[in-house]
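Here is my_file.txt, consisting of compact mmCIF, C-alpha atoms and all ligand atoms:
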```txt
# COMPACT_ATOMS: atom_id res chain seq x y z
CA MET F 1 65.30 -25.49 -43.10
CA ASP F 2 65.06 -21.73 -43.38
CA CYS F 3 63.48 -19.05 -41.21
CA SER F 4 60.26 -18.77 -43.23
CA TYR F 5 59.49 -22.38 -42.31
CA PHE F 6 59.82 -21.61 -38.60
CA CYS F 7 58.27 -18.16 -38.81
CA SER F 8 55.01 -19.61 -40.05
CA ARG F 9 55.02 -21.89 -37.02
CA LEU F 10 55.42 -19.18 -34.40
CA ASN F 11 51.69 -18.42 -34.32
CA GLN F 12 50.88 -22.10 -34.00
CA PHE F 13 53.43 -22.31 -31.21
CA VAL F 14 51.89 -19.48 -29.16
CA ASP F 15 48.45 -21.02 -29.77
CA GLY F 16 49.67 -24.33 -28.39
CA GLU F 17 48.93 -26.09 -31.66
CA LEU F 18 52.30 -27.73 -32.27
CA GLY F 19 53.09 -31.30 -31.35
CA TYR F 20 55.93 -32.27 -29.08
CA LEU F 21 58.42 -32.91 -31.88
CA GLU F 22 57.53 -29.71 -33.71
CA VAL F 23 58.05 -27.71 -30.53
CA ALA F 24 61.44 -29.31 -29.98
CA GLU F 25 62.42 -28.56 -33.58
CA LEU F 26 61.29 -24.93 -33.26
CA GLN F 27 63.06 -24.46 -29.94
CA GLY F 28 66.24 -25.84 -31.46
CA HIS F 29 66.02 -23.20 -34.20
CA LEU F 30 65.14 -20.38 -31.77
CA SER F 31 68.19 -21.14 -29.66
CA PHE F 32 70.52 -20.00 -32.44
CA CYS F 33 68.34 -17.69 -34.57
CA PRO F 34 67.95 -14.23 -33.01
CA ASP F 35 65.57 -13.09 -35.79
CA CYS F 36 62.97 -15.77 -35.14
CA ALA F 37 63.45 -15.39 -31.36
CA ALA F 38 62.78 -11.64 -31.68
CA GLU F 39 59.71 -12.31 -33.83
CA LEU F 40 58.36 -14.68 -31.20
CA ALA F 41 58.97 -12.07 -28.50
CA ARG F 42 57.01 -9.47 -30.50
CA ILE F 43 54.04 -11.79 -31.09
CA SER F 44 54.02 -12.66 -27.40
CA GLU F 45 54.16 -8.98 -26.51
CA VAL F 46 51.06 -8.24 -28.63
CA ARG F 47 49.19 -11.13 -27.06
CA ALA F 48 50.16 -10.07 -23.54
CA ALA F 49 49.02 -6.49 -24.24
CA MET F 50 45.69 -7.75 -25.61
CA ALA F 51 45.12 -10.03 -22.62
CA ALA F 52 45.91 -7.18 -20.22
CA TRP F 53 43.57 -4.84 -22.11
CA GLY F 54 40.83 -7.44 -21.72
CA GLU F 55 40.99 -6.89 -17.96
CA ALA F 56 40.09 -3.22 -18.31
CA GLU F 57 36.45 -2.39 -17.70
CA LEU F 58 35.26 0.27 -20.11
CA ALA F 59 32.57 2.71 -19.10
CA PRO F 60 29.54 2.91 -21.40
CA PRO F 61 28.36 6.38 -22.45
CA PRO F 62 26.29 8.31 -19.87
CA GLY F 63 22.63 7.26 -19.74
CA PHE F 64 23.33 3.81 -21.17
CA ALA F 65 21.53 1.87 -18.42
CA GLU F 66 18.48 4.14 -18.72
CA ARG F 67 18.26 3.56 -22.46
CA VAL F 68 18.51 -0.21 -21.99
CA LEU F 69 15.77 -0.15 -19.35
CA ALA F 70 13.54 2.02 -21.51
CA ARG F 71 13.83 -0.51 -24.33
CA ALA F 72 13.26 -3.47 -21.99
CA ALA F 73 10.14 -1.75 -20.63
CA LEU F 74 8.65 -1.86 -24.15
CA ASP F 75 9.17 -5.61 -24.26
CA PRO F 76 6.60 -8.12 -23.02
CA VAL F 77 7.40 -9.59 -19.61
CA PRO F 78 10.12 -12.26 -20.20
CA GLY F 79 8.13 -15.30 -19.04
CA SER F 80 4.85 -14.26 -20.68
CA ARG F 81 3.39 -15.69 -23.89
CA ARG F 82 5.77 -14.97 -26.69
CA PRO F 83 5.19 -14.29 -30.36
CA PHE F 84 5.32 -17.49 -32.42
CA GLY F 85 8.54 -16.54 -34.22
CA ARG F 86 10.39 -16.14 -30.98
CA VAL F 87 9.05 -19.42 -29.62
CA VAL F 88 10.44 -21.19 -32.71
CA SER F 89 13.77 -19.43 -32.41
CA ASP F 90 14.07 -20.16 -28.67
CA THR F 91 13.18 -23.80 -29.22
CA LEU F 92 15.84 -24.08 -31.92
CA ASP F 93 18.34 -22.43 -29.55
CA GLN F 94 17.53 -24.99 -26.87
CA LEU F 95 17.85 -27.89 -29.32
CA ASP F 96 21.14 -26.39 -30.36
CA GLU F 97 22.39 -26.35 -26.78
CA ALA F 98 21.12 -29.86 -26.15
CA LEU F 99 22.35 -31.50 -29.35
CA GLY F 100 25.43 -29.49 -30.20
CA ARG F 101 26.81 -29.54 -33.70
CA VAL F 102 26.49 -31.64 -36.79
CA PRO F 103 29.72 -32.62 -38.57
CA LEU F 104 29.99 -31.86 -42.28
CA PRO F 105 32.34 -33.50 -44.77
CA GLY F 106 35.74 -31.82 -44.66
CA GLY F 107 35.92 -31.49 -40.90
CA ARG F 108 33.60 -28.49 -40.52
CA THR F 109 30.61 -28.47 -38.24
CA VAL F 110 27.35 -26.54 -38.26
CA PRO F 111 24.99 -25.86 -35.37
CA VAL F 112 22.01 -28.23 -35.23
CA LYS F 113 19.80 -25.13 -35.36
CA ASN F 114 21.00 -24.34 -38.88
CA VAL F 115 20.41 -27.89 -40.07
CA ILE F 116 16.90 -27.84 -38.63
CA GLY F 117 16.40 -24.41 -40.15
CA TYR F 118 17.35 -25.85 -43.55
CA GLY F 119 15.03 -28.78 -42.83
CA ILE F 120 12.10 -26.42 -42.21
CA ALA F 121 12.93 -24.49 -45.37
CA ALA F 122 13.15 -27.72 -47.39
CA ALA F 123 9.83 -28.96 -45.95
CA ALA F 124 8.17 -25.65 -46.83
CA LEU F 125 9.56 -25.86 -50.36
CA ALA F 126 8.38 -29.48 -50.75
CA ALA F 127 4.90 -28.52 -49.50
CA GLU F 128 4.74 -25.65 -51.98
CA LEU F 129 5.82 -27.89 -54.87
CA GLN F 130 3.20 -30.46 -53.87
CA ARG F 131 0.51 -27.76 -53.71
CA ARG F 132 1.41 -26.58 -57.21
CA ARG F 133 1.43 -30.12 -58.56
CA LEU F 134 -2.07 -30.76 -57.15
CA ARG F 135 -3.31 -27.47 -58.59
CA ARG F 136 -1.93 -28.39 -62.00
CA LEU F 137 -3.59 -31.82 -61.78
CA ARG F 138 -6.91 -30.12 -60.94
CA GLU F 139 -6.49 -27.73 -63.85
CA LEU F 140 -5.77 -30.64 -66.18
CA LYS F 141 -8.85 -32.51 -64.88
CA SER F 142 -11.09 -29.52 -65.41
CA LEU F 143 -10.08 -29.29 -69.07
CA MET M 21 34.49 -11.56 -11.50
CA LEU M 22 31.33 -9.81 -10.36
CA PRO M 23 29.05 -11.56 -7.87
CA ASP M 24 26.03 -13.16 -9.54
CA PRO M 25 22.59 -11.69 -8.93
CA THR M 26 20.70 -13.52 -6.18
CA PRO M 27 18.09 -16.08 -7.28
CA ALA M 28 15.47 -13.71 -5.84
CA ASP M 29 16.74 -10.85 -8.07
CA LEU M 30 16.66 -13.12 -11.10
CA GLU M 31 13.18 -14.32 -10.31
CA ARG M 32 11.89 -10.76 -9.94
CA ALA M 33 13.57 -9.65 -13.17
CA THR M 34 12.10 -12.65 -15.00
CA ALA M 35 8.67 -11.69 -13.72
CA GLY M 36 9.13 -8.31 -15.42
CA ASP M 37 10.28 -6.27 -12.41
CA VAL M 38 12.22 -3.50 -14.13
CA ASP M 39 13.93 -2.45 -10.89
CA ALA M 40 15.35 -5.94 -10.45
CA PHE M 41 16.54 -5.87 -14.06
CA ARG M 42 18.05 -2.43 -13.39
CA THR M 43 20.36 -3.89 -10.73
CA ILE M 44 21.51 -6.47 -13.30
CA VAL M 45 22.14 -3.83 -15.98
CA GLU M 46 23.96 -1.53 -13.56
CA ARG M 47 26.14 -4.30 -12.25
CA TYR M 48 27.16 -5.74 -15.62
CA GLN M 49 27.04 -2.80 -18.00
CA ARG M 50 30.82 -2.26 -18.02
CA MET M 51 31.53 -5.91 -18.78
CA VAL M 52 28.98 -6.06 -21.60
CA TYR M 53 30.01 -2.71 -23.05
CA SER M 54 33.71 -3.65 -22.94
CA VAL M 55 33.07 -6.81 -24.95
CA ALA M 56 31.04 -4.88 -27.52
CA TYR M 57 33.59 -2.09 -27.77
CA ASN M 58 36.52 -4.45 -28.22
CA VAL M 59 34.75 -6.54 -30.85
CA LEU M 60 33.31 -3.60 -32.78
CA GLY M 61 36.02 -0.97 -32.33
CA ASN M 62 33.86 2.12 -31.95
CA GLN M 63 31.54 3.59 -29.37
CA THR M 64 28.33 4.04 -31.39
CA ASP M 65 28.25 0.44 -32.61
CA ALA M 66 29.32 -0.77 -29.17
CA GLU M 67 26.41 0.96 -27.48
CA ASP M 68 23.90 -0.53 -29.95
CA ALA M 69 25.30 -4.04 -29.60
CA ALA M 70 25.53 -3.78 -25.80
CA GLN M 71 21.89 -2.69 -25.66
CA GLU M 72 20.99 -5.63 -27.87
CA ALA M 73 22.90 -7.98 -25.55
CA PHE M 74 20.92 -6.76 -22.53
CA LEU M 75 17.62 -7.08 -24.39
CA ARG M 76 18.50 -10.66 -25.31
CA CYS M 77 19.39 -11.22 -21.66
CA TYR M 78 16.02 -9.84 -20.58
CA ARG M 79 14.14 -12.01 -23.07
CA LYS M 80 16.09 -15.15 -22.29
CA LEU M 81 16.03 -14.81 -18.50
CA PRO M 82 13.47 -17.63 -18.20
CA GLN M 83 15.96 -19.89 -20.00
CA TYR M 84 18.88 -19.07 -17.73
CA ARG M 85 19.89 -22.11 -15.71
CA ALA M 86 22.28 -21.77 -12.82
CA GLU M 87 24.64 -24.36 -14.37
CA ALA M 88 26.75 -21.55 -15.77
CA THR M 89 27.48 -18.52 -13.61
CA PHE M 90 25.29 -15.62 -14.60
CA SER M 91 28.27 -13.51 -15.67
CA THR M 92 29.54 -16.28 -17.97
CA TRP M 93 26.09 -16.65 -19.49
CA LEU M 94 25.78 -12.89 -20.01
CA PHE M 95 29.32 -12.70 -21.40
CA ARG M 96 28.36 -15.24 -24.12
CA LEU M 97 25.26 -13.19 -24.94
CA ALA M 98 27.42 -10.07 -25.24
CA LEU M 99 29.87 -11.84 -27.55
CA THR M 100 27.19 -13.24 -29.86
CA ALA M 101 25.24 -9.96 -29.92
CA SER M 102 28.42 -8.10 -30.91
CA VAL M 103 29.48 -10.56 -33.60
CA ASP M 104 25.90 -10.72 -34.97
CA TYR M 105 25.81 -6.92 -35.01
CA ARG M 106 28.97 -6.79 -37.10
CA ARG M 107 27.62 -9.38 -39.54
CA ARG M 108 24.34 -7.50 -39.88
CA GLU M 109 25.40 -3.85 -39.96
CA GLY M 110 28.10 -2.14 -41.93
CA ARG M 111 30.69 -0.40 -39.89
CA ARG M 112 30.07 3.24 -39.05
CA PRO M 113 33.14 5.31 -39.75
CA GLU M 114 34.00 7.00 -36.51
CA PRO M 115 37.21 8.57 -35.26
CA VAL M 116 38.95 6.57 -32.58
CA GLU M 117 37.94 7.52 -29.08
CA VAL M 118 39.19 5.65 -26.04
CA PRO M 119 36.37 4.96 -23.59
CA GLU M 120 36.97 5.77 -19.95
CA THR M 121 38.30 2.82 -17.99
CA ALA M 122 37.10 1.98 -14.52
CA GLY M 123 40.06 2.11 -12.15
CA ASP M 124 43.66 2.41 -13.26
CA ASP M 125 44.69 1.89 -16.86
CA PRO M 126 46.02 -1.64 -17.22
CA ALA M 127 49.77 -2.08 -17.75
CA LEU M 128 50.04 -3.31 -21.34
CA GLY M 129 53.80 -3.62 -21.64
CA ASP M 130 56.81 -1.53 -22.46
CA GLY M 131 55.86 1.61 -24.40
CA ILE M 132 52.31 0.42 -25.12
CA SER M 133 49.56 2.71 -23.87
CA SER M 134 45.83 2.02 -23.88
CA SER M 135 45.29 4.68 -26.51
CA THR M 136 47.96 3.15 -28.77
CA LEU M 137 46.42 -0.31 -28.57
CA VAL M 138 42.85 0.96 -28.94
CA ALA M 139 43.83 3.01 -31.99
CA ALA M 140 45.62 0.04 -33.52
CA LEU M 141 42.56 -2.18 -32.95
CA HIS M 142 40.22 0.51 -34.26
CA ASP M 143 42.18 0.71 -37.51
CA LEU M 144 42.26 -3.05 -38.14
CA PRO M 145 39.78 -4.20 -40.78
CA ASP M 146 36.79 -5.99 -39.17
CA ASP M 147 37.82 -9.28 -40.77
CA TYR M 148 41.05 -9.17 -38.77
CA ARG M 149 39.92 -7.39 -35.61
CA VAL M 150 36.92 -9.54 -34.71
CA PRO M 151 38.71 -12.93 -34.70
CA THR M 152 41.92 -11.48 -33.22
CA VAL M 153 39.99 -9.88 -30.35
CA LEU M 154 38.05 -13.08 -29.72
CA ARG M 155 41.25 -15.09 -29.68
CA ASP M 156 43.76 -12.86 -27.88
CA ILE M 157 41.58 -10.74 -25.61
CA TYR M 158 38.95 -13.34 -24.72
CA GLY M 159 40.92 -16.54 -25.30
CA LEU M 160 38.24 -18.30 -27.36
CA PRO M 161 39.26 -21.53 -29.12
CA TYR M 162 39.60 -21.15 -32.89
CA GLN M 163 36.71 -23.53 -33.53
CA GLU M 164 34.39 -21.39 -31.45
CA ILE M 165 35.47 -18.27 -33.32
CA ALA M 166 34.79 -20.06 -36.60
CA ASP M 167 31.29 -20.98 -35.38
CA LEU M 168 30.50 -17.49 -34.08
CA THR M 169 31.71 -15.70 -37.20
CA ALA M 170 30.48 -18.39 -39.62
CA ARG M 171 33.91 -18.62 -41.25
CA PRO M 172 35.96 -21.71 -42.05
CA LEU M 173 38.45 -22.66 -39.35
CA GLY M 174 41.49 -22.21 -41.61
CA THR M 175 40.37 -18.72 -42.65
CA VAL M 176 39.92 -17.69 -39.03
CA LYS M 177 43.44 -18.77 -38.16
CA VAL M 178 44.91 -16.84 -41.07
CA MET M 179 42.93 -13.73 -40.04
CA VAL M 180 44.22 -13.95 -36.47
CA HIS M 181 47.82 -14.40 -37.62
CA ARG M 182 47.48 -11.37 -39.89
CA GLY M 183 45.74 -9.37 -37.20
CA ARG M 184 48.60 -10.04 -34.81
CA ALA M 185 51.19 -9.15 -37.44
CA SER M 186 49.44 -5.91 -38.22
CA LEU M 187 49.13 -4.97 -34.54
CA ARG M 188 52.77 -5.82 -33.98
CA LEU M 189 53.92 -3.54 -36.81
CA ARG M 190 51.67 -0.75 -35.62
CA LEU M 191 52.85 -0.91 -32.03
CA GLN M 192 56.44 -1.05 -33.18
CA ALA M 193 55.96 2.00 -35.40
CA GLU M 194 54.36 3.93 -32.54
CA ARG M 195 57.25 3.08 -30.28
CA GLU M 196 59.83 4.20 -32.81
CA ALA M 197 57.96 7.41 -33.63
ZN ZN J 1 65.06 -18.08 -37.87
```
Starting from the coordinates I provided, produce the structure as structure tokens.
Amino acid sequence: MDCSYFCSRLNQFVDGELGYLEVAELQGHLSFCPDCAAELARISEVRAAMAAWGEAELAPPPGFAERVLARAALDPVPGSRRPFGRVVSDTLDQLDEALGRVPLPGGRTVPVKNVIGYGIAAAALAAELQRRRLRRLRELKSL
Amino acid sequence: MLPDPTPADLERATAGDVDAFRTIVERYQRMVYSVAYNVLGNQTDAEDAAQEAFLRCYRKLPQYRAEATFSTWLFRLALTASVDYRRREGRRPEPVEVPETAGDDPALGDGISSSTLVAALHDLPDDYRVPTVLRDIYGLPYQEIADLTARPLGTVKVMVHRGRASLRLRLQAEREA
């Protein structure tokens, strides 16, 4: 097997996504291939630099906190009665947290919130279609 | 990790006490801004998204349950606000500017300075930077990145692999220059 086969596995290796046998196979190759070993070292170096950078605390621009507070002050008090739209969205968020995700064919998942969102849209569409059908019936009757 | 606000602080902030909310903003602003800056790659967008994260925090305070630490809860809000911001708004072209860091600059490795890494991240296309930052700076699982960015899992992995490759080449070039 050539280097391109192993090279494509280096990312999976650093992500801990290889099985035991695949790791052993890769390590066997790395022990005698300086090119792939160097490539692994460079990927690891980037990841280490990124992780270290994540520890740095960056200072927001001057006056940031004041601007946030000024915007919050325009908002209704958090626990007070909320506009209907936000109540719906918060309820969907809570359902989402409680119920998790819905599996789709092909191994993907979608948040419950989205499914319910589609459900509401579908119900609204069905209601509209029904309304139009009734109106058409009435029009026909009146003829 | 920063100490959580006291239950009394949280209760006062939830009741609309702006001074209590001020202590929360002042304590966590660097953490929230750092997340937004790293995800978005420039200061103007980062400020907008960080503000948005704090507003969401303010609005959702009544929903906060002490099961998660407050900082973890706020960190998730900062991540989602930043990713949502990127999906909603186009990127503003802005020259790279390294924000001031609190304390000493972190040691990033041989010949890698903060400004080199920040510039390299700034120049990555959003499609690469966002998932790569979520994966390698914040250690999110791929599935979570796929959910947050509304991309298929396989695509996210490819983007991260390419993001790493591009950063690697850039850092190498800087070192050789
Ligand atoms: Zn090789």
If we count all atoms listed in the file, which residues of chain F reach to within 6 Å of chain M? Please list them as a PyMOL selection string. chain F and resi 47+49-52+54+57-60+68+77-79
Write out as an mmCIF file with C-alpha atoms, in the frame of the given file each polymer residue whose atoms come within 12 Å of M:Thr92, counting only C-alpha atoms; drop sequence neighbours fewer than 3 positions from it.
```
data_model
loop_
_atom_site.group_PDB
_atom_site.id
_atom_site.type_symbol
_atom_site.label_atom_id
_atom_site.label_comp_id
_atom_site.auth_asym_id
_atom_site.auth_seq_id
_atom_site.Cartn_x
_atom_site.Cartn_y
_atom_site.Cartn_z
ATOM 1 C CA MET M 21 34.490 -11.560 -11.500
ATOM 2 C CA LEU M 22 31.330 -9.810 -10.360
ATOM 3 C CA PRO M 23 29.050 -11.560 -7.870
ATOM 4 C CA ASP M 24 26.030 -13.160 -9.540
ATOM 5 C CA TYR M 48 27.160 -5.740 -15.620
ATOM 6 C CA MET M 51 31.530 -5.910 -18.780
ATOM 7 C CA VAL M 52 28.980 -6.060 -21.600
ATOM 8 C CA CYS M 77 19.390 -11.220 -21.660
ATOM 9 C CA TYR M 84 18.880 -19.070 -17.730
ATOM 10 C CA ARG M 85 19.890 -22.110 -15.710
ATOM 11 C CA ALA M 86 22.280 -21.770 -12.820
ATOM 12 C CA GLU M 87 24.640 -24.360 -14.370
ATOM 13 C CA ALA M 88 26.750 -21.550 -15.770
ATOM 14 C CA THR M 89 27.480 -18.520 -13.610
ATOM 15 C CA PHE M 95 29.320 -12.700 -21.400
ATOM 16 C CA ARG M 96 28.360 -15.240 -24.120
ATOM 17 C CA LEU M 97 25.260 -13.190 -24.940
ATOM 18 C CA ALA M 98 27.420 -10.070 -25.240
ATOM 19 C CA LEU M 99 29.870 -11.840 -27.550
ATOM 20 C CA TYR M 158 38.950 -13.340 -24.720
#
```
Wanna dump the chain F-ligand ZN 1 (chain J) contacts at 8 Å for me, each residue with its shortest atom pair and the distance in Å to one decimal, counting only C-alpha atoms and all ligand atoms, ordered by chain and number, as a Markdown table?
```
| residue | atom | partner | partner_atom | distance |
| --- | --- | --- | --- | --- |
| F:Asp2 | CA | J:ZN1 | ZN | 6.6 |
| F:Cys3 | CA | J:ZN1 | ZN | 3.8 |
| F:Ser4 | CA | J:ZN1 | ZN | 7.2 |
| F:Phe6 | CA | J:ZN1 | ZN | 6.4 |
| F:Cys7 | CA | J:ZN1 | ZN | 6.9 |
| F:His29 | CA | J:ZN1 | ZN | 6.4 |
| F:Leu30 | CA | J:ZN1 | ZN | 6.5 |
| F:Phe32 | CA | J:ZN1 | ZN | 7.9 |
| F:Cys33 | CA | J:ZN1 | ZN | 4.7 |
| F:Pro34 | CA | J:ZN1 | ZN | 6.8 |
| F:Asp35 | CA | J:ZN1 | ZN | 5.4 |
| F:Cys36 | CA | J:ZN1 | ZN | 4.1 |
| F:Ala37 | CA | J:ZN1 | ZN | 7.2 |
```
If I take atom CA of M:Met179 and atom CA of M:Leu154, how far is one from the other in Å, to one decimal? 11.4 Å
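Going from atom CA of F:Ala122 over to atom CA of F:Arg135, you cover 19.9 Å.
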